[in-house]
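Shown next: data14.cif, containing mmCIF, C-alpha atoms.
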data_coords
loop_
_atom_site.label_atom_id
_atom_site.label_comp_id
_atom_site.auth_asym_id
_atom_site.auth_seq_id
_atom_site.Cartn_x
_atom_site.Cartn_y
_atom_site.Cartn_z
CA MET A 276 25.57 -7.68 2.32
CA ASN A 277 23.31 -8.17 -0.71
CA ALA A 278 21.07 -11.18 -1.35
CA GLN A 279 23.49 -12.79 -3.80
CA ALA A 280 26.33 -12.68 -1.28
CA VAL A 281 24.08 -14.18 1.40
CA LEU A 282 23.11 -17.06 -0.89
CA ARG A 283 26.77 -17.77 -1.69
CA THR A 284 27.79 -17.94 1.96
CA LEU A 285 24.64 -19.70 3.21
CA PRO A 286 25.85 -23.31 2.51
CA PHE A 287 28.96 -22.77 4.65
CA ILE A 288 26.99 -21.05 7.41
CA VAL A 289 24.51 -23.94 7.52
CA MET A 290 27.21 -26.63 7.63
CA ALA A 291 29.12 -24.75 10.32
CA ALA A 292 25.93 -24.40 12.37
CA VAL A 293 25.15 -28.14 12.01
CA SER A 294 28.70 -29.02 13.12
CA LEU A 295 28.53 -26.72 16.13
CA ILE A 296 25.14 -28.03 17.23
CA ASP A 297 26.30 -31.62 16.83
CA LEU A 298 29.38 -30.98 18.98
CA LEU A 299 27.39 -29.17 21.66
CA ALA A 300 24.67 -31.84 21.75
CA GLY A 301 27.22 -34.58 22.40
CA PRO A 302 27.48 -38.11 21.00
CA THR A 303 23.94 -39.05 22.00
CA LEU A 304 22.24 -36.96 19.27
CA GLY A 305 23.27 -37.08 15.62
CA PHE A 306 22.66 -34.13 13.31
CA LEU A 307 24.91 -35.35 10.48
CA PRO A 308 22.11 -35.83 7.88
CA LEU A 309 21.50 -32.06 8.06
CA LEU A 310 24.86 -31.55 6.33
CA THR A 311 22.96 -32.23 3.08
CA LEU A 312 21.60 -28.69 3.41
CA GLY A 313 25.02 -27.43 2.29
CA PRO A 314 24.95 -28.72 -1.32
CA THR A 315 21.19 -28.11 -1.49
CA PHE A 316 21.62 -24.40 -0.80
CA ALA A 317 24.71 -24.27 -3.03
CA SER A 318 22.62 -25.30 -6.05
CA VAL A 319 20.40 -22.21 -5.62
CA SER A 320 23.09 -19.71 -6.66
CA GLY A 321 26.34 -21.61 -7.29
CA SER A 322 27.80 -23.32 -10.32
CA ILE A 323 27.98 -27.08 -10.80
CA ARG A 324 31.61 -27.12 -9.66
CA ARG A 325 30.84 -25.02 -6.58
CA THR A 326 27.98 -27.35 -5.65
CA ALA A 327 30.31 -30.35 -5.96
CA VAL A 328 32.93 -28.63 -3.78
CA VAL A 329 30.33 -27.90 -1.09
CA GLY A 330 29.22 -31.54 -1.22
CA GLY A 331 32.86 -32.61 -0.76
CA ILE A 332 33.21 -30.31 2.23
CA ALA A 333 30.04 -31.80 3.71
CA LEU A 334 31.57 -35.28 3.39
CA ALA A 335 34.84 -34.06 4.92
CA ILE A 336 32.95 -32.68 7.91
CA CYS A 337 30.81 -35.80 8.24
CA LEU A 338 33.71 -38.20 8.83
CA PRO A 339 35.31 -36.61 11.95
CA LEU A 340 31.88 -35.87 13.42
CA ALA A 341 30.89 -39.51 12.89
CA SER A 342 34.06 -40.54 14.75
CA TYR A 343 33.13 -38.12 17.57
CA ASN A 344 29.64 -39.68 17.74
CA SER A 345 31.12 -43.24 17.63
CA LEU A 346 29.25 -43.87 14.37
CA LEU A 347 32.23 -44.36 12.05
CA GLY A 348 31.75 -47.53 10.01
CA THR A 349 28.23 -48.11 11.24
CA ARG A 350 25.23 -48.66 8.98
CA GLN A 351 23.75 -45.34 10.07
CA ASN A 352 26.89 -43.42 9.10
CA ASN A 353 27.15 -45.21 5.76
CA LEU A 354 23.56 -44.21 5.04
CA THR A 355 24.38 -40.60 5.94
CA ILE A 356 27.38 -40.59 3.56
CA ALA A 357 25.27 -42.09 0.79
CA THR A 358 22.61 -39.47 1.39
CA ILE A 359 25.15 -36.63 1.16
CA ILE A 360 26.54 -38.05 -2.11
CA ALA A 361 23.03 -38.51 -3.58
CA ILE A 362 21.87 -35.02 -2.54
CA THR A 363 25.08 -33.51 -3.94
CA GLY A 364 24.49 -35.24 -7.30
CA ALA A 365 20.87 -34.08 -7.42
CA SER A 366 21.93 -30.55 -6.47
CA MET A 367 24.54 -30.52 -9.25
CA LEU A 368 21.82 -31.50 -11.74
CA ALA A 369 19.52 -28.79 -10.37
CA SER A 370 22.35 -26.26 -10.67
CA ARG A 371 22.94 -27.27 -14.30
CA LEU A 372 19.25 -26.85 -15.16
CA ARG A 373 19.11 -23.50 -13.35
CA LEU A 374 22.11 -22.16 -15.23
CA ARG A 375 20.61 -23.24 -18.56
CA ARG A 376 17.33 -21.47 -17.73
CA GLU A 377 19.21 -18.35 -16.71
CA ARG A 378 21.04 -18.29 -20.04
CA GLU A 379 17.77 -18.77 -21.92
CA LEU A 380 16.15 -15.98 -19.91
CA ALA A 381 19.09 -13.67 -20.59
CA ASN A 382 18.77 -14.31 -24.33
CA VAL A 383 15.02 -13.69 -24.24
CA ARG A 384 15.58 -10.41 -22.39
CA LEU A 385 18.11 -9.28 -25.00
CA ILE A 386 15.59 -9.99 -27.77
CA ALA A 387 12.81 -8.27 -25.81
CA GLU A 388 14.94 -5.19 -25.21
CA ALA A 389 15.72 -4.98 -28.93
CA ALA A 390 12.01 -5.26 -29.75
CA GLN A 391 11.20 -2.61 -27.17
CA ARG A 392 13.69 -0.20 -28.69
CA VAL A 393 12.06 -0.70 -32.10
CA LEU A 394 8.51 -0.34 -30.80
CA LEU A 395 9.00 2.57 -28.40
CA ARG A 396 11.94 4.46 -29.79
CA PRO A 397 13.60 7.18 -27.67
CA VAL A 398 11.85 10.47 -28.34
CA PRO A 399 13.98 13.45 -29.39
CA ARG A 400 14.79 15.68 -26.44
CA LYS A 401 14.56 18.71 -28.72
CA ALA A 402 12.31 19.07 -31.74
CA ASN A 403 12.37 22.46 -33.45
CA ASP A 404 11.62 24.92 -30.65
CA LEU A 405 10.21 22.24 -28.35
CA HIS A 406 11.95 20.62 -25.41
CA VAL A 407 10.56 17.13 -24.78
CA ALA A 408 10.55 15.05 -21.59
CA LEU A 409 9.27 11.51 -21.25
CA SER A 410 8.30 9.16 -18.44
CA TYR A 411 7.07 5.61 -18.99
CA THR A 412 6.29 3.07 -16.28
CA SER A 413 5.01 -0.37 -17.29
CA ALA A 414 2.71 -2.29 -14.99
CA MET A 415 4.21 -5.58 -16.20
CA ALA A 416 7.06 -6.88 -14.08
CA GLU A 417 10.45 -6.87 -15.81
CA ALA A 418 8.94 -5.03 -18.80
CA GLN A 419 9.71 -1.65 -20.27
CA ILE A 420 6.62 -1.49 -22.46
CA GLY A 421 2.96 -2.32 -22.18
CA GLY A 422 -0.29 -1.02 -23.63
CA ASP A 423 0.62 2.67 -23.51
CA LEU A 424 2.27 4.22 -26.55
CA TYR A 425 3.88 7.47 -27.64
CA GLU A 426 5.80 8.93 -30.55
CA VAL A 427 7.21 12.31 -31.60
CA VAL A 428 8.13 13.07 -35.22
CA THR A 429 9.72 16.22 -36.56
CA MET A 430 8.65 17.57 -39.93
CA PRO A 431 9.78 20.60 -41.93
CA ASN A 432 6.70 22.60 -40.96
CA GLY A 433 6.16 21.43 -37.40
CA VAL A 434 6.12 18.59 -34.91
CA ARG A 435 3.52 15.84 -34.63
CA LEU A 436 3.09 13.54 -31.69
CA LEU A 437 0.95 10.67 -30.52
CA ILE A 438 0.09 9.38 -27.08
CA GLY A 439 -2.35 6.55 -26.53
CA ASP A 440 -3.60 3.79 -24.30
CA VAL A 441 -4.64 0.37 -25.61
CA GLN A 442 -7.62 -1.29 -24.00
CA GLY A 443 -6.42 -4.35 -22.09
CA LYS A 444 -3.00 -5.51 -20.94
CA GLY A 445 -0.32 -8.03 -21.76
CA LEU A 446 1.10 -9.13 -25.09
CA GLU A 447 -2.14 -8.43 -26.99
CA ALA A 448 -2.00 -4.80 -25.89
CA VAL A 449 1.65 -4.59 -26.98
CA GLU A 450 0.72 -6.00 -30.40
CA THR A 451 -2.05 -3.41 -30.79
CA ALA A 452 0.34 -0.64 -29.77
CA ALA A 453 2.74 -1.82 -32.47
CA TRP A 454 0.06 -1.53 -35.17
CA VAL A 455 -0.93 1.97 -34.04
CA LEU A 456 2.64 3.23 -33.86
CA GLY A 457 3.50 1.80 -37.26
CA ALA A 458 0.48 3.46 -38.85
CA PHE A 459 1.21 6.80 -37.16
CA ARG A 460 4.86 6.85 -38.23
CA GLU A 461 3.78 6.52 -41.85
CA ALA A 462 0.76 8.81 -41.76
CA ALA A 463 2.46 11.61 -39.79
CA TYR A 464 4.77 12.26 -42.74
CA ASP A 465 2.35 11.53 -45.57
CA GLU A 466 -0.88 13.26 -44.56
CA PRO A 467 -1.16 17.07 -44.65
CA GLU A 468 -4.22 17.17 -42.34
CA LEU A 469 -4.28 15.93 -38.75
CA SER A 470 -7.75 14.44 -39.23
CA ARG A 471 -6.40 12.31 -42.07
CA VAL A 472 -3.74 10.94 -39.75
CA GLY A 473 -6.51 9.85 -37.39
CA GLU A 474 -8.38 8.21 -40.26
CA ARG A 475 -5.28 6.27 -41.26
CA LEU A 476 -4.92 4.95 -37.72
CA GLU A 477 -8.59 3.99 -37.65
CA THR A 478 -8.23 2.14 -40.94
CA SER A 479 -5.17 0.26 -39.70
CA LEU A 480 -6.94 -0.87 -36.53
CA ASP A 481 -10.02 -1.91 -38.48
CA ARG A 482 -7.87 -4.00 -40.83
CA HIS A 483 -5.75 -5.80 -38.26
CA LEU A 484 -7.75 -6.02 -35.05
CA SER A 485 -11.09 -7.30 -33.81
CA GLY A 486 -14.01 -4.97 -33.18
CA GLU A 487 -13.66 -5.40 -29.41
CA THR A 488 -10.27 -3.68 -29.24
CA PHE A 489 -9.96 0.08 -29.03
CA VAL A 490 -7.29 2.68 -28.33
CA THR A 491 -7.76 6.05 -26.67
CA ALA A 492 -5.33 8.52 -28.19
CA ILE A 493 -4.40 12.14 -28.80
CA ILE A 494 -2.74 13.13 -32.04
CA ALA A 495 -1.20 16.59 -31.85
CA GLU A 496 0.58 18.99 -34.15
CA VAL A 497 2.63 21.90 -32.86
CA GLN A 498 2.84 24.91 -35.16
CA ASP A 499 3.63 28.59 -34.78
CA GLY A 500 2.00 29.87 -31.60
CA GLU A 501 -0.52 27.05 -31.25
CA ILE A 502 -1.04 23.32 -30.92
CA SER A 503 -3.75 21.32 -32.71
CA LEU A 504 -5.23 18.42 -30.76
CA LEU A 505 -7.22 15.51 -32.17
CA ASN A 506 -8.65 13.80 -29.09
CA CYS A 507 -10.00 10.28 -29.57
CA GLY A 508 -11.49 9.47 -26.18
CA HIS A 509 -8.29 10.19 -24.28
CA PRO A 510 -7.82 12.21 -21.05
CA ALA A 511 -7.32 15.87 -21.94
CA PRO A 512 -3.75 17.16 -21.60
CA LEU A 513 -2.86 19.82 -19.05
CA LEU A 514 -1.70 23.21 -20.30
CA LEU A 515 0.82 24.91 -18.04
CA ARG A 516 1.05 28.54 -19.02
CA GLY A 517 4.21 30.56 -18.63
CA ASP A 518 2.43 32.75 -16.06
CA GLY A 519 1.69 29.74 -13.82
CA ARG A 520 -1.90 29.02 -14.86
CA ILE A 521 -2.85 25.35 -15.29
CA CYS A 522 -5.91 24.25 -17.24
CA PRO A 523 -7.01 21.12 -19.13
CA ALA A 524 -7.19 21.36 -22.93
CA GLU A 525 -10.67 19.84 -23.18
CA PRO A 526 -11.97 19.05 -26.67
CA PRO A 527 -15.11 20.93 -27.77
CA GLU A 528 -16.82 17.60 -28.48
CA GLU A 529 -16.33 14.08 -27.19
CA GLY A 530 -14.69 11.69 -29.63
CA LEU A 531 -14.78 7.91 -29.63
CA PRO A 532 -11.55 5.95 -29.21
CA LEU A 533 -9.80 4.57 -32.27
CA GLY A 534 -11.09 1.19 -33.36
CA LEU A 535 -14.79 1.96 -32.77
CA ALA A 536 -15.63 3.29 -36.22
CA SER A 537 -18.11 0.43 -36.62
CA LEU A 538 -20.40 2.29 -34.19
CA GLY A 539 -21.01 4.84 -36.94
CA SER A 540 -19.58 7.89 -35.20
CA ALA A 541 -17.56 10.34 -37.29
CA MET A 542 -13.90 11.03 -36.58
CA PRO A 543 -13.59 13.99 -34.16
CA LYS A 544 -12.21 17.24 -35.55
CA PRO A 545 -8.96 18.79 -34.33
CA HIS A 546 -9.19 21.83 -32.08
CA ARG A 547 -6.52 24.49 -31.70
CA VAL A 548 -5.12 25.82 -28.46
CA PRO A 549 -2.68 28.73 -28.04
CA PHE A 550 0.79 27.42 -27.21
CA GLY A 551 3.38 30.17 -26.96
CA ASP A 552 6.86 30.80 -25.66
CA GLY A 553 7.34 29.45 -22.11
CA ASP A 554 4.17 27.35 -22.16
CA ARG A 555 4.23 23.67 -21.31
CA ILE A 556 1.75 20.89 -22.03
CA LEU A 557 1.53 17.53 -20.28
CA PHE A 558 0.13 14.50 -22.11
CA TYR A 559 -0.58 11.44 -19.99
CA THR A 560 -2.45 8.15 -19.96
CA ASP A 561 -5.15 7.09 -17.53
CA GLY A 562 -2.67 4.98 -15.57
CA VAL A 563 -1.58 8.28 -14.01
CA ILE A 564 -4.94 9.69 -12.93
CA GLU A 565 -6.34 6.27 -11.96
CA ALA A 566 -3.42 5.38 -9.68
CA ARG A 567 -4.66 4.98 -6.10
CA ASP A 568 -3.06 4.96 -2.69
CA GLU A 569 -3.82 2.37 -0.01
CA ASP A 570 -6.98 4.29 0.96
CA GLY A 571 -8.29 4.22 -2.62
CA THR A 572 -7.64 7.91 -3.29
CA PHE A 573 -6.84 8.75 -6.92
CA TYR A 574 -3.64 10.58 -7.72
CA PRO A 575 -4.45 14.33 -7.79
CA LEU A 576 -2.62 15.19 -11.00
CA PRO A 577 -4.00 18.75 -11.50
CA GLU A 578 -2.77 19.68 -8.00
CA ARG A 579 0.62 17.97 -8.26
CA ALA A 580 1.23 19.29 -11.79
CA ARG A 581 2.51 22.56 -10.32
CA MET A 582 5.84 20.89 -9.66
CA LEU A 583 6.27 20.78 -13.45
CA LEU A 584 6.70 24.55 -13.54
CA ALA A 585 9.78 24.79 -11.37
CA THR A 586 12.69 23.32 -13.33
CA ASP A 587 13.70 21.89 -16.71
CA PRO A 588 11.14 19.52 -18.28
CA GLN A 589 12.86 16.17 -17.73
CA THR A 590 13.83 16.89 -14.12
CA ALA A 591 10.33 18.15 -13.40
CA LEU A 592 8.73 15.08 -14.98
CA ASP A 593 11.04 12.75 -13.05
CA GLN A 594 9.94 14.46 -9.83
CA LEU A 595 6.28 14.03 -10.79
CA ARG A 596 6.83 10.33 -11.52
CA ALA A 597 8.54 9.85 -8.14
CA ASP A 598 5.59 11.60 -6.49
CA LEU A 599 3.17 9.30 -8.33
CA LEU A 600 4.99 6.18 -7.15
CA ALA A 601 5.15 7.54 -3.60
CA HIS A 602 1.39 8.14 -3.72
CA VAL A 603 0.73 4.54 -4.76
CA GLY A 604 3.30 3.12 -2.35
CA GLY A 605 4.07 0.15 -4.59
CA PRO A 606 3.93 -1.03 -8.19
CA LEU A 607 1.38 0.59 -10.49
CA GLN A 608 -1.68 -1.41 -11.48
CA ASP A 609 -1.69 0.06 -15.00
CA ASP A 610 0.89 1.42 -17.42
CA ALA A 611 1.58 5.13 -16.99
CA ALA A 612 3.05 7.31 -19.73
CA MET A 613 3.69 11.04 -19.51
CA LEU A 614 4.99 13.35 -22.21
CA LEU A 615 5.89 16.93 -21.32
CA LEU A 616 6.53 19.57 -23.98
CA GLU A 617 7.92 23.05 -23.40
CA ARG A 618 8.08 25.72 -26.09
CA ARG A 619 11.19 27.87 -26.10
CA VAL A 620 11.28 30.29 -28.97
CA SER A 621 14.84 31.16 -29.97
CA ARG A 622 15.57 34.84 -29.95
CA VAL A 623 18.19 36.24 -32.28
CA THR A 624 20.21 38.99 -30.65
CA PRO A 625 21.14 41.93 -32.90
#

Please, can you express the file's structure as structure tokens?
Amino acid sequence: MNAQAVLRTLPFIVMAAVSLIDLLAGPTLGFLPLLTLGPTFASVSGSIRRTAVVGGIALAICLPLASYNSLLGTRQNNLTIATIIAITGASMLASRLRLRRERELANVRLIAEAAQRVLLRPVPRKANDLHVALSYTSAMAEAQIGGDLYEVVTMPNGVRLLIGDVQGKGLEAVETAAWVLGAFREAAYDEPELSRVGERLETSLDRHLSGETFVTAIIAEVQDGEISLLNCGHPAPLLLRGDGRICPAEPPEEGLPLGLASLGSAMPKPHRVPFGDGDRILFYTDGVIEARDEDGTFYPLPERARMLLATDPQTALDQLRADLLAHVGGPLQDDAAMLLLERRVSRVTP
């Protein structure tokens, strides 16, 4: 029996238990005021009408029990009846307020879900010769998005993607993610050079946000036989070669996160990495590698990444996410995004 069913039956169980105890205790002890628990519990999950019905049942039970206890018509019994009526009325009001809040919450969730779909759109599962898998886990309860961001766009001459992590949490981080994603979606199509895409994102952050906010990010472009990576202070992706080798795609030089141009450092330059048929590459945010178990041990992503080699990308990534959550043993303390790309070059048979 689920929790909702328990809550619906609880008022009747409580009133039945009070009646049984009163009968077993005999006329010397009166438990009739406890019948008010029926309408009180009914207001937790029931409608206004249901709460009123439970209050009526409580009154119907009170009268024969009062006769059994020789209390019928006494001042004490009249006070008990008045108490049941008053508690039922208050419970009906509480039920009305609860239902109104539930409707408001449902409307807010519908609006939030629409905003989430606009901000973090579903990535294409296939882009040119790439097969794409995605996993996103928000640290915010009841939320599908947070401070992590991702995007994949397909162009005539290749595929560009973005994965990033906004400093901080909450609605401010979501707002920053929206600015970065909006700038990337425009620049990815307009700018011929990957470095110029990064500059556009830097300019957007500088225009809209304070100097204390920054975003670690990787902007990538997949072309024939290789992938170009522009790493702005983000954890290096893992390359999973078709022959089973796994290695991080470390940048040749450290780059500052986006939003820190005021420090005077130049935008990092893209570096190219071979990315051929059968190769896979895993992009992730620091919520993955900084996830800890109850003993404080970080999630060993390079070791567990081998499970990404066994099956199709989405199934493999789902297994890795399940392993991450099992390692933590509870909700994540930070957002965790993972993007897995596999290159499958189509072969034309003669």

_Rounded to one decimal, what separation in Å do you get between CA of Ile323 (chain A) and CA of Met367 (chain A)?_
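It comes out at 5.1 Å.
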
Do you know which residues the PyMOL selection byres ((chain A and resi 480-485) around 8) returns on this file, as a JSON list (two decimals) with C-alpha atoms, in the frame of the given file?
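Once written, result32.json looks like this:
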[["chain", "number", "residue", "atom", "x", "y", "z"],
["A", 451, "THR", "CA", -2.05, -3.41, -30.79],
["A", 454, "TRP", "CA", 0.06, -1.53, -35.17],
["A", 455, "VAL", "CA", -0.93, 1.97, -34.04],
["A", 476, "LEU", "CA", -4.92, 4.95, -37.72],
["A", 477, "GLU", "CA", -8.59, 3.99, -37.65],
["A", 478, "THR", "CA", -8.23, 2.14, -40.94],
["A", 479, "SER", "CA", -5.17, 0.26, -39.70],
["A", 486, "GLY", "CA", -14.01, -4.97, -33.18],
["A", 487, "GLU", "CA", -13.66, -5.40, -29.41],
["A", 488, "THR", "CA", -10.27, -3.68, -29.24],
["A", 533, "LEU", "CA", -9.80, 4.57, -32.27],
["A", 534, "GLY", "CA", -11.09, 1.19, -33.36],
["A", 536, "ALA", "CA", -15.63, 3.29, -36.22]]

*asked:* So the first atom is CA of Glu450 (chain A) and the second is CA of Met542 (chain A); what is the distance between them in Å, to one decimal place?
replied: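 Interatomic distance, CA of Glu450 (chain A) to CA of Met542 (chain A): 23.3 Å.
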
_Output of the PyMOL selection byres ((chain A and resi 566) around 8), listed as an MDAnalysis selection string_ = chainID A and resid 562:565 567:568 573:574 599 603 607:609

_To one decimal place in Å, what is the distance between CA of Phe459 (chain A) and CA of Cys507 (chain A)?_
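CA of Phe459 (chain A) sits 14.0 Å away from CA of Cys507 (chain A).
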
*asked:* Applying 9 Å and all atoms listed in the file, which residues near Thr311 (chain A) remain after dropping the ones on its own chain fewer than 3 positions away? List them as a count of residues only.
replied: 14

Mind telling me what the PyMOL selection byres ((chain A and resi 428) around 9) catches here, as an mmCIF file with C-alpha atoms, in the coordinates of the input?
data_model
loop_
_atom_site.group_PDB
_atom_site.id
_atom_site.type_symbol
_atom_site.label_atom_id
_atom_site.label_comp_id
_atom_site.auth_asym_id
_atom_site.auth_seq_id
_atom_site.Cartn_x
_atom_site.Cartn_y
_atom_site.Cartn_z
ATOM 1 C CA VAL A 398 11.850 10.470 -28.340
ATOM 2 C CA PRO A 399 13.980 13.450 -29.390
ATOM 3 C CA ALA A 402 12.310 19.070 -31.740
ATOM 4 C CA GLU A 426 5.800 8.930 -30.550
ATOM 5 C CA VAL A 427 7.210 12.310 -31.600
ATOM 6 C CA THR A 429 9.720 16.220 -36.560
ATOM 7 C CA MET A 430 8.650 17.570 -39.930
ATOM 8 C CA GLY A 433 6.160 21.430 -37.400
ATOM 9 C CA VAL A 434 6.120 18.590 -34.910
ATOM 10 C CA ARG A 435 3.520 15.840 -34.630
ATOM 11 C CA LEU A 436 3.090 13.540 -31.690
ATOM 12 C CA LEU A 437 0.950 10.670 -30.520
ATOM 13 C CA ARG A 460 4.860 6.850 -38.230
ATOM 14 C CA ALA A 463 2.460 11.610 -39.790
ATOM 15 C CA TYR A 464 4.770 12.260 -42.740
#
